[in-house]
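So the structure is just underneath, and the comments pick up after that.
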Amino acid sequence: DGGITQSPKYLFRKEGQNVTLSCEQNLNHDAMYWYRQDPGQGLRLIYYSQIVNDFQKGDIAEGYSVSREKKESFPLTVTSAQKNPTAFYLCASSIPGAWANVLTFGAGSRLTVL
Amino acid sequence: GEDVEQSLFLSVREGDSSVINCTYTDSSSTYLYWYKQEPGAGLQLLTYIFSNMDMKQDQRLTVLLNKKDKHLSLRIADTQTGDSAIYFCAEILSGGSYIPTFGRGTSLIVHP
């Protein structure tokens with residue numbers, strides 16, 4: 001079945017450490033996205049990529065980095081520069097320019113900084 | 001202010017209808033969406049409506065769009081406990097990046 005796989009589901013990090021969240025899709029979608037979700041704040045866009053080897057900052061990119069070396073993969077690194085990284089992270093993909101640009105989401109990764 | 005606004009909580013009795021409301025500020029919205037998020041999971045698309053439509057119905061779901069007031073609503077008929085979730089309103093603006101902007105989400109609590 002086609003879909004988006006995020007791993008790990010839960011991740012604990014000590015302050016000062018970088019961590020990388022994995023996102024893999026087999027939907028053949030060109031566009032991929034990373035959102036951060038905090039209680040009561042909805043979804044905020046961190047980074048997005050509409051084509052391999054290209055990506056753009058979203059609304060809250062500071063302290064995060066991404067790469068898009070393969071169409072199927074869009075990993076997110078939460079760096080030590082991110083001041084408040086504890087959150088639920090959601091990866092999504094879509095066919096850009098398609099009718100209505102519907103996003104397909106992964107199940108999410110919950111990061112907790114100890 | 002926010003581009004898309006929703007109330008944070010709604011509580012209904014099982015079997016009643018639920019109405020979840022959303023307001024948006026930009027009249028150039030082209031698509032408006034409702035996504036559902038169950039606890040600890042990602043979002044799933046429930047339905048979407050194009051801005052030139054007033055209403056869309058899909059089984060128990062009815063979406064109403066009032067462009068004059070920039071108001072979108074989602075009505076769930078015969079609400080069940082399995083409908084308990086967070087419901088997100090989202091919009092795409094014409095002439096922009098074509099990426100949805102999400103509201104804060106409305107937590108729907110269905111009690112017996």
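In the structure tokens, each chain is lettered A, B, ... as it comes, each chain's residues begin at 1, and ligands are numbered from 1 in order of appearance.
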
Inset, instruction - Provide as a ChimeraX atom specification the residues of chain B at most 6 Å from chain A, counting only C-alpha atoms. - result: /B:41-43,103-105

Inset, instruction - Write down as a ChimeraX atom specification the residues of chain B whose backbone DSSP state falls under strand (DSSP E). - result: /B:4-6,9-13,18-24,29-37,43-50,55-58,61-66,71-76,85-93,101-102,106-111

Legend entry - Polymer residues at most 8 Å from stretch 70-87 of chain B, only C-alpha atoms, same-chain spacing of 6 or more positions, as a PyMOL selection string: chain B and resi 12-27+32+34-39+60-64+105-112

Exercise: B:Ser29 partners within 9 Å, only C-alpha atoms, chain neighbours under 6 positions left out, as a short mmCIF file (atom, residue, chain, number, x, y, z; two decimals) with N, CA and C atoms, in the first residue's frame:
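Below is the file that was written, part_14.cif:
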data_model
loop_
_atom_site.label_atom_id
_atom_site.label_comp_id
_atom_site.auth_asym_id
_atom_site.auth_seq_id
_atom_site.Cartn_x
_atom_site.Cartn_y
_atom_site.Cartn_z
N PHE B 50 -14.30 23.90 -3.42
CA PHE B 50 -13.74 24.95 -4.26
C PHE B 50 -14.49 26.24 -3.97
N SER B 51 -13.82 27.35 -4.11
CA SER B 51 -14.38 28.62 -3.65
C SER B 51 -15.60 29.08 -4.43
N GLU B 91 -6.85 26.46 4.12
CA GLU B 91 -7.14 27.17 2.88
C GLU B 91 -5.89 27.21 2.00
N ILE B 92 -6.14 27.36 0.71
CA ILE B 92 -5.06 27.66 -0.25
C ILE B 92 -5.44 28.96 -0.92
N LEU B 93 -4.46 29.84 -1.02
CA LEU B 93 -4.69 31.14 -1.63
C LEU B 93 -4.28 31.13 -3.09
N SER B 94 -5.01 31.85 -3.92
CA SER B 94 -4.61 31.96 -5.32
C SER B 94 -3.40 32.88 -5.42
#

Legend entry - Residue neighbourhood A:Leu111, 12 Å, only C-alpha atoms, exclusion window fewer than 3 positions, as a PyMOL selection string: chain A and resi 7-15+18-21+36-38+76-78+84-90+108+114

Inset, instruction - May I ask which of the residues A:Ala81, A:Val113, A:Ile95, A:Ile46 is the closest one to A:Val66, counting only C-alpha atoms? - result: A:Ile46

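Here atom CA of A:Val52 is placed at a distance of 17.0 Å from atom CA of B:Ser97.
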
Legend entry - Spatial neighbours of A:Ile51, 12 Å, only C-alpha atoms, chain gap at least 2 places, as a ChimeraX atom specification: /A:28-33,48-49,53-56,67-74,93-96

Hey, can you spit out that residue selection with N, CA and C atoms as a compact mmCIF listing (two decimals), in the first residue's frame?
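Printed below is part_37.txt as written:
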# COMPACT_ATOMS: atom_id res chain seq x y z
N ASN A 28 5.00 8.43 -5.08
CA ASN A 28 5.51 9.11 -6.27
C ASN A 28 5.12 10.59 -6.31
N HIS A 29 4.98 11.18 -5.12
CA HIS A 29 4.66 12.61 -5.03
C HIS A 29 5.92 13.44 -5.16
N ASP A 30 5.80 14.54 -5.89
CA ASP A 30 6.96 15.43 -6.04
C ASP A 30 7.17 16.33 -4.83
N ALA A 31 6.10 16.76 -4.21
CA ALA A 31 6.21 17.73 -3.11
C ALA A 31 6.16 17.03 -1.76
N MET A 32 7.00 17.51 -0.84
CA MET A 32 7.00 17.01 0.53
C MET A 32 7.11 18.19 1.50
N TYR A 33 6.57 17.99 2.70
CA TYR A 33 6.44 19.08 3.67
C TYR A 33 6.74 18.58 5.07
N TYR A 48 9.49 22.99 3.04
CA TYR A 48 8.84 22.22 2.01
C TYR A 48 9.75 22.10 0.80
N SER A 49 9.47 21.07 0.02
CA SER A 49 10.26 20.81 -1.18
C SER A 49 9.30 20.40 -2.29
N ASN A 53 16.32 17.99 -4.78
CA ASN A 53 17.47 18.90 -4.68
C ASN A 53 17.06 20.37 -4.56
N ASP A 54 15.84 20.60 -4.14
CA ASP A 54 15.39 21.98 -3.92
C ASP A 54 14.41 22.00 -2.77
N PHE A 55 14.53 22.99 -1.88
CA PHE A 55 13.59 23.13 -0.78
C PHE A 55 13.54 24.59 -0.35
N GLN A 56 12.45 24.95 0.31
CA GLN A 56 12.25 26.33 0.76
C GLN A 56 11.87 26.36 2.23
N SER A 67 17.01 18.00 3.78
CA SER A 67 17.66 17.66 2.52
C SER A 67 16.65 16.94 1.66
N ARG A 68 16.85 16.99 0.35
CA ARG A 68 15.95 16.27 -0.57
C ARG A 68 16.80 15.70 -1.70
N GLU A 69 17.51 14.65 -1.36
CA GLU A 69 18.41 14.02 -2.34
C GLU A 69 17.69 12.99 -3.19
N LYS A 70 16.60 12.46 -2.68
CA LYS A 70 15.79 11.49 -3.40
C LYS A 70 14.33 11.92 -3.36
N LYS A 71 13.59 11.56 -4.37
CA LYS A 71 12.17 11.92 -4.42
C LYS A 71 11.41 11.33 -3.23
N GLU A 72 11.82 10.14 -2.80
CA GLU A 72 11.05 9.43 -1.80
C GLU A 72 11.33 9.90 -0.37
N SER A 73 12.40 10.67 -0.15
CA SER A 73 12.87 10.92 1.20
C SER A 73 13.05 12.40 1.49
N PHE A 74 12.63 12.82 2.68
CA PHE A 74 12.75 14.23 3.06
C PHE A 74 13.03 14.29 4.57
N SER A 93 2.99 14.82 1.94
CA SER A 93 3.40 14.88 0.54
C SER A 93 2.19 15.19 -0.32
N SER A 94 2.45 15.65 -1.54
CA SER A 94 1.35 15.93 -2.46
C SER A 94 1.88 16.00 -3.88
N ILE A 95 0.95 16.09 -4.82
CA ILE A 95 1.30 16.32 -6.22
C ILE A 95 1.08 17.80 -6.45
N PRO A 96 2.14 18.59 -6.53
CA PRO A 96 1.96 20.04 -6.67
C PRO A 96 1.29 20.38 -7.98

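Going from atom CA of A:Thr79 to atom CA of A:Thr5 covers 21.6 Å.
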
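Residue nearest B:Thr47 within the list B:Ala90, B:Thr101, B:Val4, B:Phe9: B:Ala90 [criterion: smallest interatomic distance, only C-alpha atoms].
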